[in-house]
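The structure file input_30.pdb is reproduced below (PDB, C-alpha atoms).
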```pdb
ATOM      1  CA  MET A  21      57.851  81.476  50.543
ATOM      2  CA  PHE A  22      59.019  84.533  48.654
ATOM      3  CA  THR A  23      56.291  86.928  49.781
ATOM      4  CA  PRO A  24      57.396  90.267  51.281
ATOM      5  CA  GLU A  25      56.961  88.759  54.768
ATOM      6  CA  GLY A  26      58.966  85.631  54.003
ATOM      7  CA  PRO A  27      62.693  85.100  53.456
ATOM      8  CA  THR A  28      64.372  86.108  50.223
ATOM      9  CA  PHE A  29      66.182  83.583  48.067
ATOM     10  CA  ARG A  30      69.486  85.007  49.310
ATOM     11  CA  GLU A  31      68.450  84.590  52.951
ATOM     12  CA  LEU A  32      67.464  80.972  52.320
ATOM     13  CA  ALA A  33      70.793  80.342  50.594
ATOM     14  CA  VAL A  34      72.704  81.743  53.576
ATOM     15  CA  GLN A  35      70.643  79.581  55.911
ATOM     16  CA  ALA A  36      71.298  76.469  53.813
ATOM     17  CA  LEU A  37      75.044  77.071  53.995
ATOM     18  CA  SER A  38      74.957  77.342  57.805
ATOM     19  CA  SER A  39      74.638  74.747  60.536
ATOM     20  CA  VAL A  40      71.148  73.599  61.477
ATOM     21  CA  GLU A  41      71.201  75.649  64.684
ATOM     22  CA  TYR A  42      72.559  78.884  63.190
ATOM     23  CA  GLY A  43      70.482  78.476  60.038
ATOM     24  CA  TYR A  44      67.278  78.443  62.061
ATOM     25  CA  ASP A  45      68.494  81.344  64.184
ATOM     26  CA  LEU A  46      68.751  83.330  60.945
ATOM     27  CA  LEU A  47      65.385  82.156  59.621
ATOM     28  CA  ALA A  48      63.478  82.599  62.895
ATOM     29  CA  PRO A  49      61.976  86.091  62.341
ATOM     30  CA  LYS A  50      60.396  84.956  59.049
ATOM     31  CA  PHE A  51      59.911  81.256  59.757
ATOM     32  CA  ASP A  52      56.138  81.468  60.209
ATOM     33  CA  HIS A  53      55.865  82.908  56.695
ATOM     34  CA  THR A  54      57.453  79.837  55.076
ATOM     35  CA  PRO A  55      56.056  76.394  54.161
ATOM     36  CA  PHE A  56      58.360  74.914  56.809
ATOM     37  CA  ARG A  57      55.947  75.952  59.561
ATOM     38  CA  THR A  58      53.447  73.138  60.140
ATOM     39  CA  PRO A  59      50.103  74.365  58.747
ATOM     40  CA  ASP A  60      46.936  74.526  60.786
ATOM     41  CA  ASP A  61      45.387  72.028  58.364
ATOM     42  CA  ILE A  62      47.634  69.425  60.032
ATOM     43  CA  LEU A  63      47.663  70.819  63.571
ATOM     44  CA  ASP A  64      43.880  70.981  63.900
ATOM     45  CA  PRO A  65      43.052  67.307  63.148
ATOM     46  CA  VAL A  66      45.969  66.171  65.301
ATOM     47  CA  GLY A  67      44.651  68.297  68.162
ATOM     48  CA  SER A  68      41.144  66.908  67.755
ATOM     49  CA  LEU A  69      42.397  63.324  67.852
ATOM     50  CA  LEU A  70      44.615  63.937  70.879
ATOM     51  CA  ALA A  71      41.687  65.559  72.678
ATOM     52  CA  ARG A  72      39.813  62.265  72.313
ATOM     53  CA  LEU A  73      42.801  60.322  73.679
ATOM     54  CA  GLY A  74      43.379  62.725  76.591
ATOM     55  CA  PRO A  75      43.215  64.782  78.598
ATOM     56  CA  PHE A  76      46.868  64.980  79.584
ATOM     57  CA  ASP A  77      48.554  66.831  82.426
ATOM     58  CA  ARG A  78      51.992  67.869  81.115
ATOM     59  CA  GLY A  79      53.043  68.097  77.483
ATOM     60  CA  LEU A  80      56.260  68.678  75.539
ATOM     61  CA  ASP A  81      56.684  69.862  71.947
ATOM     62  CA  LEU A  82      59.931  68.316  70.676
ATOM     63  CA  CYS A  83      61.833  70.620  68.285
ATOM     64  CA  CYS A  84      59.110  73.210  68.766
ATOM     65  CA  GLY A  85      60.519  75.988  66.565
ATOM     66  CA  THR A  86      58.430  79.119  67.026
ATOM     67  CA  GLY A  87      55.745  77.137  68.851
ATOM     68  CA  ALA A  88      52.997  76.332  66.344
ATOM     69  CA  GLY A  89      52.560  72.873  67.890
ATOM     70  CA  LEU A  90      52.369  74.283  71.403
ATOM     71  CA  ARG A  91      48.869  75.501  70.570
ATOM     72  CA  VAL A  92      47.831  71.858  70.277
ATOM     73  CA  LEU A  93      49.364  71.049  73.661
ATOM     74  CA  ARG A  94      47.668  73.991  75.359
ATOM     75  CA  GLU A  95      44.337  72.642  74.134
ATOM     76  CA  VAL A  96      44.808  69.076  75.419
ATOM     77  CA  CYS A  97      47.012  69.515  78.528
ATOM     78  CA  ARG A  98      45.824  70.738  81.921
ATOM     79  CA  GLU A  99      48.855  71.569  84.071
ATOM     80  CA  ARG A 100      51.858  72.802  82.057
ATOM     81  CA  VAL A 101      53.407  72.605  78.596
ATOM     82  CA  ALA A 102      56.931  73.129  77.314
ATOM     83  CA  GLY A 103      58.674  73.539  73.984
ATOM     84  CA  VAL A 104      62.274  72.492  73.473
ATOM     85  CA  ASP A 105      64.438  73.485  70.513
ATOM     86  CA  ILE A 106      68.121  73.813  69.695
ATOM     87  CA  SER A 107      67.661  77.252  68.106
ATOM     88  CA  ALA A 108      67.686  80.155  70.541
ATOM     89  CA  GLY A 109      66.406  82.410  67.760
ATOM     90  CA  MET A 110      63.328  80.289  67.128
ATOM     91  CA  LEU A 111      62.562  80.112  70.839
ATOM     92  CA  ALA A 112      62.929  83.877  71.208
ATOM     93  CA  VAL A 113      60.444  84.511  68.402
ATOM     94  CA  GLY A 114      57.986  81.974  69.822
ATOM     95  CA  ARG A 115      58.279  83.342  73.348
ATOM     96  CA  GLU A 116      57.717  86.928  72.209
ATOM     97  CA  ARG A 117      54.709  86.044  70.089
ATOM     98  CA  HIS A 118      53.242  84.091  72.974
ATOM     99  CA  ARG A 119      53.778  87.095  75.262
ATOM    100  CA  LYS A 120      52.112  89.464  72.801
ATOM    101  CA  SER A 121      49.175  87.104  72.366
ATOM    102  CA  ALA A 122      48.700  87.000  76.127
ATOM    103  CA  ALA A 123      48.915  90.800  76.307
ATOM    104  CA  ASP A 124      46.265  91.110  73.604
ATOM    105  CA  ASP A 125      44.039  88.850  75.717
ATOM    106  CA  GLY A 126      44.349  91.186  78.674
ATOM    107  CA  GLY A 127      47.411  89.624  80.281
ATOM    108  CA  THR A 128      46.126  86.068  80.331
ATOM    109  CA  GLN A 129      46.609  83.229  77.878
ATOM    110  CA  ALA A 130      44.191  80.366  77.389
ATOM    111  CA  GLY A 131      45.537  77.044  78.548
ATOM    112  CA  PRO A 132      48.289  76.049  80.974
ATOM    113  CA  PRO A 133      51.569  77.910  81.533
ATOM    114  CA  THR A 134      54.195  77.535  78.807
ATOM    115  CA  ASP A 135      57.950  77.060  79.187
ATOM    116  CA  TRP A 136      60.483  77.615  76.387
ATOM    117  CA  VAL A 137      63.618  75.500  76.795
ATOM    118  CA  ARG A 138      66.781  75.545  74.715
ATOM    119  CA  GLY A 139      68.074  72.006  74.414
ATOM    120  CA  ASP A 140      69.204  69.219  72.124
ATOM    121  CA  ALA A 141      66.588  66.571  71.341
ATOM    122  CA  LEU A 142      69.353  63.950  71.571
ATOM    123  CA  SER A 143      70.124  65.032  75.136
ATOM    124  CA  LEU A 144      66.888  66.254  76.688
ATOM    125  CA  PRO A 145      67.168  68.143  79.995
ATOM    126  CA  PHE A 146      64.142  66.436  81.556
ATOM    127  CA  GLY A 147      63.298  63.518  83.747
ATOM    128  CA  PRO A 148      60.126  61.403  83.320
ATOM    129  CA  VAL A 149      57.669  64.259  83.890
ATOM    130  CA  PHE A 150      55.533  64.394  80.718
ATOM    131  CA  ASP A 151      52.304  62.626  79.825
ATOM    132  CA  LEU A 152      52.456  63.636  76.168
ATOM    133  CA  VAL A 153      55.284  64.477  73.758
ATOM    134  CA  VAL A 154      54.479  65.714  70.264
ATOM    135  CA  SER A 155      56.613  66.672  67.304
ATOM    136  CA  PHE A 156      55.741  68.203  63.943
ATOM    137  CA  GLY A 157      57.969  68.019  60.893
ATOM    138  CA  ALA A 158      61.309  67.778  62.704
ATOM    139  CA  PHE A 159      62.466  64.237  61.992
ATOM    140  CA  GLY A 160      64.224  65.074  58.745
ATOM    141  CA  HIS A 161      66.887  66.730  60.879
ATOM    142  CA  PHE A 162      67.939  63.379  62.360
ATOM    143  CA  LEU A 163      69.905  60.759  60.491
ATOM    144  CA  PRO A 164      68.542  57.195  60.646
ATOM    145  CA  ARG A 165      71.407  56.148  62.927
ATOM    146  CA  GLU A 166      70.347  58.862  65.420
ATOM    147  CA  ARG A 167      66.741  57.733  65.759
ATOM    148  CA  PRO A 168      67.328  55.087  68.460
ATOM    149  CA  ALA A 169      68.950  57.737  70.677
ATOM    150  CA  LEU A 170      66.170  60.210  69.887
ATOM    151  CA  PHE A 171      63.422  57.742  70.773
ATOM    152  CA  ALA A 172      65.278  56.723  73.927
ATOM    153  CA  GLN A 173      65.360  60.373  75.028
ATOM    154  CA  VAL A 174      61.615  60.734  74.480
ATOM    155  CA  HIS A 175      60.978  57.485  76.350
ATOM    156  CA  ALA A 176      63.014  58.777  79.300
ATOM    157  CA  ALA A 177      61.059  62.061  79.374
ATOM    158  CA  LEU A 178      57.663  60.328  79.572
ATOM    159  CA  ARG A 179      55.944  58.966  82.617
ATOM    160  CA  PRO A 180      54.911  55.294  82.397
ATOM    161  CA  GLY A 181      51.859  55.197  80.157
ATOM    162  CA  GLY A 182      52.801  58.533  78.578
ATOM    163  CA  ARG A 183      52.418  58.956  74.831
ATOM    164  CA  PHE A 184      54.642  60.174  72.011
ATOM    165  CA  ALA A 185      52.534  61.397  69.087
ATOM    166  CA  PHE A 186      53.421  62.757  65.668
ATOM    167  CA  PRO A 187      51.795  62.870  62.219
ATOM    168  CA  ILE A 188      53.400  61.067  59.315
ATOM    169  CA  VAL A 189      52.425  61.566  55.688
ATOM    170  CA  ALA A 190      52.365  58.725  53.169
ATOM    171  CA  PRO A 191      55.268  58.971  50.724
ATOM    172  CA  PRO A 192      54.467  60.145  47.195
ATOM    173  CA  ARG A 193      54.025  57.423  44.628
ATOM    174  CA  PRO A 194      57.175  56.577  42.619
ATOM    175  CA  GLY A 195      57.240  58.547  39.405
ATOM    176  CA  SER A 196      54.905  61.286  40.658
ATOM    177  CA  LEU A 197      55.891  64.939  40.740
ATOM    178  CA  GLY A 198      56.118  64.837  44.546
ATOM    179  CA  TYR A 199      58.420  61.833  44.357
ATOM    180  CA  TRP A 200      60.859  63.603  42.042
ATOM    181  CA  VAL A 201      60.731  66.840  44.035
ATOM    182  CA  LEU A 202      61.664  65.052  47.282
ATOM    183  CA  LEU A 203      64.300  62.953  45.554
ATOM    184  CA  GLY A 204      65.830  66.080  44.029
ATOM    185  CA  PHE A 205      65.801  67.928  47.357
ATOM    186  CA  ASP A 206      67.429  65.073  49.275
ATOM    187  CA  SER A 207      70.000  64.545  46.540
ATOM    188  CA  GLY A 208      70.866  68.239  46.584
ATOM    189  CA  MET A 209      71.300  68.172  50.361
ATOM    190  CA  ARG A 210      73.613  65.170  50.122
ATOM    191  CA  VAL A 211      75.778  66.941  47.547
ATOM    192  CA  ARG A 212      75.811  70.087  49.704
ATOM    193  CA  ASN A 213      76.886  68.133  52.778
ATOM    194  CA  ALA A 214      79.568  66.296  50.831
ATOM    195  CA  VAL A 215      81.297  69.521  49.775
ATOM    196  CA  TRP A 216      80.415  72.038  52.521
ATOM    197  CA  ARG A 217      80.852  72.252  56.274
ATOM    198  CA  PRO A 218      79.166  72.457  58.676
ATOM    199  CA  PRO A 219      76.539  69.960  57.486
ATOM    200  CA  PHE A 220      72.868  70.881  57.323
ATOM    201  CA  VAL A 221      70.866  67.731  57.991
ATOM    202  CA  MET A 222      67.438  67.957  56.397
ATOM    203  CA  TYR A 223      66.321  64.855  54.521
ATOM    204  CA  TYR A 224      62.681  64.123  53.732
ATOM    205  CA  ARG A 225      62.924  60.552  52.439
ATOM    206  CA  VAL A 226      64.596  58.753  55.364
ATOM    207  CA  PHE A 227      61.694  58.687  57.844
ATOM    208  CA  ARG A 228      59.851  55.530  56.752
ATOM    209  CA  LEU A 229      56.879  54.303  58.775
ATOM    210  CA  ALA A 230      57.905  50.625  58.947
ATOM    211  CA  ASP A 231      61.397  51.549  60.179
ATOM    212  CA  VAL A 232      59.999  54.021  62.689
ATOM    213  CA  GLN A 233      57.522  51.513  64.136
ATOM    214  CA  ARG A 234      60.260  48.932  64.588
ATOM    215  CA  GLU A 235      62.616  51.393  66.286
ATOM    216  CA  LEU A 236      59.899  52.707  68.594
ATOM    217  CA  ALA A 237      59.151  49.145  69.705
ATOM    218  CA  ARG A 238      62.842  48.579  70.427
ATOM    219  CA  ALA A 239      62.876  51.770  72.520
ATOM    220  CA  GLY A 240      60.091  50.411  74.745
ATOM    221  CA  PHE A 241      56.946  51.776  73.111
ATOM    222  CA  THR A 242      53.684  50.165  72.077
ATOM    223  CA  VAL A 243      52.653  51.745  68.762
ATOM    224  CA  GLU A 244      49.191  52.487  67.404
ATOM    225  CA  LEU A 245      48.272  54.260  64.163
ATOM    226  CA  TYR A 246      45.273  56.566  63.734
ATOM    227  CA  ALA A 247      44.064  57.781  60.364
ATOM    228  CA  LEU A 248      43.714  61.530  59.849
ATOM    229  CA  PRO A 249      40.836  61.525  57.330
ATOM    230  CA  GLU A 250      40.688  65.329  57.266
ATOM    231  CA  LEU A 251      43.923  65.233  55.260
ATOM    232  CA  GLY A 252      42.433  63.121  52.501
ATOM    233  CA  ARG A 253      42.997  59.691  51.020
ATOM    234  CA  ARG A 254      45.236  58.226  48.361
ATOM    235  CA  PRO A 255      43.827  56.730  45.132
ATOM    236  CA  ASP A 256      43.854  53.261  46.736
ATOM    237  CA  GLY A 257      41.683  54.509  49.613
ATOM    238  CA  SER A 258      44.411  54.530  52.258
ATOM    239  CA  PRO A 259      44.818  57.703  54.358
ATOM    240  CA  ARG A 260      47.294  60.309  53.161
ATOM    241  CA  ALA A 261      48.380  60.901  56.758
ATOM    242  CA  ARG A 262      48.302  59.030  60.047
ATOM    243  CA  LEU A 263      49.007  59.949  63.626
ATOM    244  CA  VAL A 264      51.597  57.683  65.208
ATOM    245  CA  VAL A 265      50.876  57.270  68.918
ATOM    246  CA  ALA A 266      53.599  55.435  70.838
ATOM    247  CA  GLU A 267      52.855  54.611  74.482
ATOM    248  CA  ARG A 268      55.646  54.095  76.996
ATOM    249  CA  ARG A 269      55.272  50.612  78.405
TER
END
```
Kindly present the structure from the file in structure tokens form.
Amino acid sequence: MFTPEGPTFRELAVQALSSVEYGYDLLAPKFDHTPFRTPDDILDPVGSLLARLGPFDRGLDLCCGTGAGLRVLREVCRERVAGVDISAGMLAVGRERHRKSAADDGGTQAGPPTDWVRGDALSLPFGPVFDLVVSFGAFGHFLPRERPALFAQVHAALRPGGRFAFPIVAPPRPGSLGYWVLLGFDSGMRVRNAVWRPPFVMYYRVFRLADVQRELARAGFTVELYALPELGRRPDGSPRARLVVAERR
């Protein structure tokens, strides 16, 4: 995180004391050099699994940031893909990097055309036009009470039979180092939001699989889980990560 290419501690502190939107605007130029960018070790197995479930025509990356997940969509979608995010700064960085990549390839980019859309995930500016919606690492920015509205927006953006897919990692075992790290981070964010405005919503321990499955079903989805064995297994043999695939009924 603190390499010369990544943000300094001061820059991260300024971001953390901003709103979610403005904080990511500030972080955007260095975002891909932080651990917050979804690594290829996760994107690649998700893309391989979706390729077996597809192909799809139109895809949307929800809360796309600088567009790491759009690479997955361009590999599994045939007609057009889009990324939507609340941060204009993140979209600008993603759009420019996509343009440069196309220029390096001689003016063409592999895969379907890509649109970059500024919008709120709780009020998506789309009708039912997508066959696939994906999201990577964004759900900590939504409070549990906001999830029904979020899932309803995704449902409305999908065609009948369309799928909403996202990876979810098994929580660390109570008492482990990972458990205490996440507990400390979430506790710190709650203290920050209690004493500072505007709030910065980023909680890692509120997105629980059982709750998510139940809320997706209420929103009109049929839910299936797929193991991602490339990401390893826990000591009890269960997968460390699964792909949640929710189909619009």
>> Please determine, counting only C-alpha atoms, which residue among A:Ala71, A:Ala214, A:Leu203, A:Leu263 has the shortest atom-to-atom distance to A:Ala185.
In response: A:Leu263
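Compared by their closest atoms to A:Gln173, and using all atoms listed in the file, the residues A:Ala230, A:Leu248, A:Leu37, A:Leu82 rank with A:Leu82 nearest.
When atom CA of A:Ser143 is paired with atom CA of A:Pro55, their separation reads 27.7 Å.
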> So which residues touch A:Gly89 within 10 Å, counting all atoms listed in the file, skipping near sequence neighbours fewer than 6 positions away, as a list of chain:residue names?
Replying inline: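 The filter keeps A:Arg57, A:Thr58, A:Pro59, A:Asp60, A:Ile62, A:Leu63, A:Asp64, A:Val66, A:Gly67, A:Leu80, A:Asp81, A:Leu82, A:Cys83, A:Gly103, A:Val154, A:Ser155, A:Phe156.
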> Which one of A:Ala36, A:Arg217, A:Tyr199, A:Val104 sits closest to A:Pro145 if you count only C-alpha atoms?
Replying inline: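 Among the listed residues, the smallest separation from A:Pro145 belongs to A:Val104.
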>> Could you tell me, as an MDAnalysis selection string, exactly which residues end up selected when the PyMOL selection byres ((chain A and resi 132) around 10) is applied to this structure?
In response: chainID A and resid 77:79 93:102 129:131 133:135
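Between atom CA of A:Ala141 and atom CA of A:Val174 lies a distance of 8.3 Å.
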